[in-house]
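One structure is given below, encoded as structure tokens.
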Amino acid sequence: MVTEACKKNQITVNGQVAKPSKEVFPTDRITFRKDQITQIITVLDIPQNRVGAKLVDLYQKNETPPEAFAHLELLKLSKEHSRRTGAGRPTKKDRRDIDDYGDDIFDDEEDDTE
């Protein structure tokens, strides 16, 4: 997965595009895009042997700004409430929501004319 991202020039180390065989050293900044967020990782140290996933956080520091994660939450919420044009016939719930929205608009107009 990471090798494919490197081949597509989606991973940078210290601002330069990285190849899969690129060596990283402590204090290197690795930048990549995952789940529509540009993540920034700083290498703190290189382990002598392979380590489990729980221990990886000892060797890296995530410097991704918190605003990026808030932006991701907004994207998730917007996808839940939007429907693509031409996505087929509206569901029964969609039709009820449309009717309720139309009723609210017409009720407001009638109150303004009185």
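Residues are referred to by chain and number: the chain letter is A, B, ... according to the order shown in the structure tokens, the number counts from 1 in that chain, and ligands are numbered separately from 1 in the order shown.
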Mind checking which residues fall within 10 Å of Asn62 in chain A, counting only C-alpha atoms, ignoring those fewer than 6 positions away in the same chain, and posting them as a list in words?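 Contacts, with the query itself left out: Arg29, Ile30, Gln39, Ile40, Ile41, Thr42 and Val43 of chain A.
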Output for the residues just chosen: N, CA and C atoms as an mmCIF file, in the first residue's frame:
data_model
loop_
_atom_site.group_PDB
_atom_site.id
_atom_site.type_symbol
_atom_site.label_atom_id
_atom_site.label_comp_id
_atom_site.auth_asym_id
_atom_site.auth_seq_id
_atom_site.Cartn_x
_atom_site.Cartn_y
_atom_site.Cartn_z
ATOM 1 N N ARG A 29 10.610 14.667 8.352
ATOM 2 C CA ARG A 29 9.161 14.908 8.321
ATOM 3 C C ARG A 29 8.574 14.183 7.117
ATOM 4 N N ILE A 30 7.643 13.300 7.380
ATOM 5 C CA ILE A 30 6.982 12.538 6.327
ATOM 6 C C ILE A 30 5.581 13.112 6.164
ATOM 7 N N GLN A 39 -1.498 14.360 6.318
ATOM 8 C CA GLN A 39 -0.912 14.033 7.609
ATOM 9 C C GLN A 39 0.577 14.339 7.601
ATOM 10 N N ILE A 40 1.078 14.815 8.730
ATOM 11 C CA ILE A 40 2.490 15.136 8.882
ATOM 12 C C ILE A 40 3.017 14.333 10.069
ATOM 13 N N ILE A 41 4.021 13.510 9.811
ATOM 14 C CA ILE A 41 4.617 12.660 10.835
ATOM 15 C C ILE A 41 6.099 13.013 10.947
ATOM 16 N N THR A 42 6.594 13.169 12.160
ATOM 17 C CA THR A 42 8.020 13.389 12.382
ATOM 18 C C THR A 42 8.606 12.119 12.987
ATOM 19 N N VAL A 43 9.718 11.657 12.424
ATOM 20 C CA VAL A 43 10.388 10.450 12.917
ATOM 21 C C VAL A 43 11.216 10.851 14.133
#
Write out as a ChimeraX atom specification all residues of range 9-109 of chain A that DSSP puts in strand (DSSP E) for this structure's backbone. /A:11-13,16-17,29-34,37-43,60-62
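For Gly15 in chain A, the non-local neighbours within 10 Å, defined as residues at least 3 positions apart in the same chain or in other chains and counting only C-alpha atoms, are Ile11, Thr12, Ala18, Asp28, Arg29, Ile30 and Thr31 of chain A.
CA of Leu72 in chain A sits 7.9 Å away from CA of Asp35 in chain A.
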So that I can check the secondary structure, give me every residue of chain A assigned alpha helix (DSSP H) by backbone DSSP, as a count of residues only. 44
Work out how far CA of Glu63 in chain A is from CA of Thr38 in chain A, in Å to one decimal.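 Interatomic distance here is 10.3 Å.
From CA of Lys76 in chain A back to CA of Pro90 in chain A, the distance works out to 20.8 Å.
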Neighbouring residues of Asp57 in chain A were defined as those with any atom within 12 Å, considering only C-alpha atoms; residues of the same chain fewer than 3 positions away were excluded. Please report them as a VMD selection string. chain A and resid 41 to 47 51 to 54 60 to 62
Selected residues written out with N, CA and C atoms, as a tab-separated table (two decimals), in the first residue's frame:
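Written out: again.tsv:
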chain	number	residue	atom	x	y	z
A	41	ILE	N	4.02	13.51	9.81
A	41	ILE	CA	4.62	12.66	10.83
A	41	ILE	C	6.10	13.01	10.95
A	42	THR	N	6.59	13.17	12.16
A	42	THR	CA	8.02	13.39	12.38
A	42	THR	C	8.61	12.12	12.99
A	43	VAL	N	9.72	11.66	12.42
A	43	VAL	CA	10.39	10.45	12.92
A	43	VAL	C	11.22	10.85	14.13
A	44	LEU	N	10.95	10.23	15.29
A	44	LEU	CA	11.70	10.52	16.50
A	44	LEU	C	12.93	9.64	16.64
A	45	ASP	N	12.77	8.37	16.28
A	45	ASP	CA	13.87	7.42	16.40
A	45	ASP	C	13.58	6.23	15.50
A	46	ILE	N	14.60	5.47	15.18
A	46	ILE	CA	14.45	4.26	14.36
A	46	ILE	C	14.65	3.06	15.27
A	47	PRO	N	13.67	2.15	15.35
A	47	PRO	CA	13.84	0.98	16.21
A	47	PRO	C	14.90	0.02	15.64
A	51	VAL	N	8.78	-3.67	15.34
A	51	VAL	CA	7.98	-3.54	16.56
A	51	VAL	C	6.50	-3.67	16.20
A	52	GLY	N	5.70	-3.96	17.20
A	52	GLY	CA	4.26	-4.08	16.99
A	52	GLY	C	3.62	-2.72	16.81
A	53	ALA	N	2.39	-2.75	16.36
A	53	ALA	CA	1.67	-1.51	16.06
A	53	ALA	C	1.49	-0.64	17.30
A	54	LYS	N	1.38	-1.24	18.47
A	54	LYS	CA	1.17	-0.47	19.70
A	54	LYS	C	2.41	0.35	20.07
A	60	GLN	N	7.41	7.93	16.61
A	60	GLN	CA	6.90	8.96	15.70
A	60	GLN	C	6.11	10.00	16.48
A	61	LYS	N	5.99	11.18	15.88
A	61	LYS	CA	5.17	12.24	16.46
A	61	LYS	C	4.24	12.76	15.38
A	62	ASN	N	2.96	12.70	15.62
A	62	ASN	CA	1.97	13.16	14.65
A	62	ASN	C	1.79	14.66	14.81
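Counting only C-alpha atoms, the residue from A:Phe25, A:Asp100, A:Lys7, A:Asp94 that sits nearest to Tyr59 in chain A is A:Phe25.
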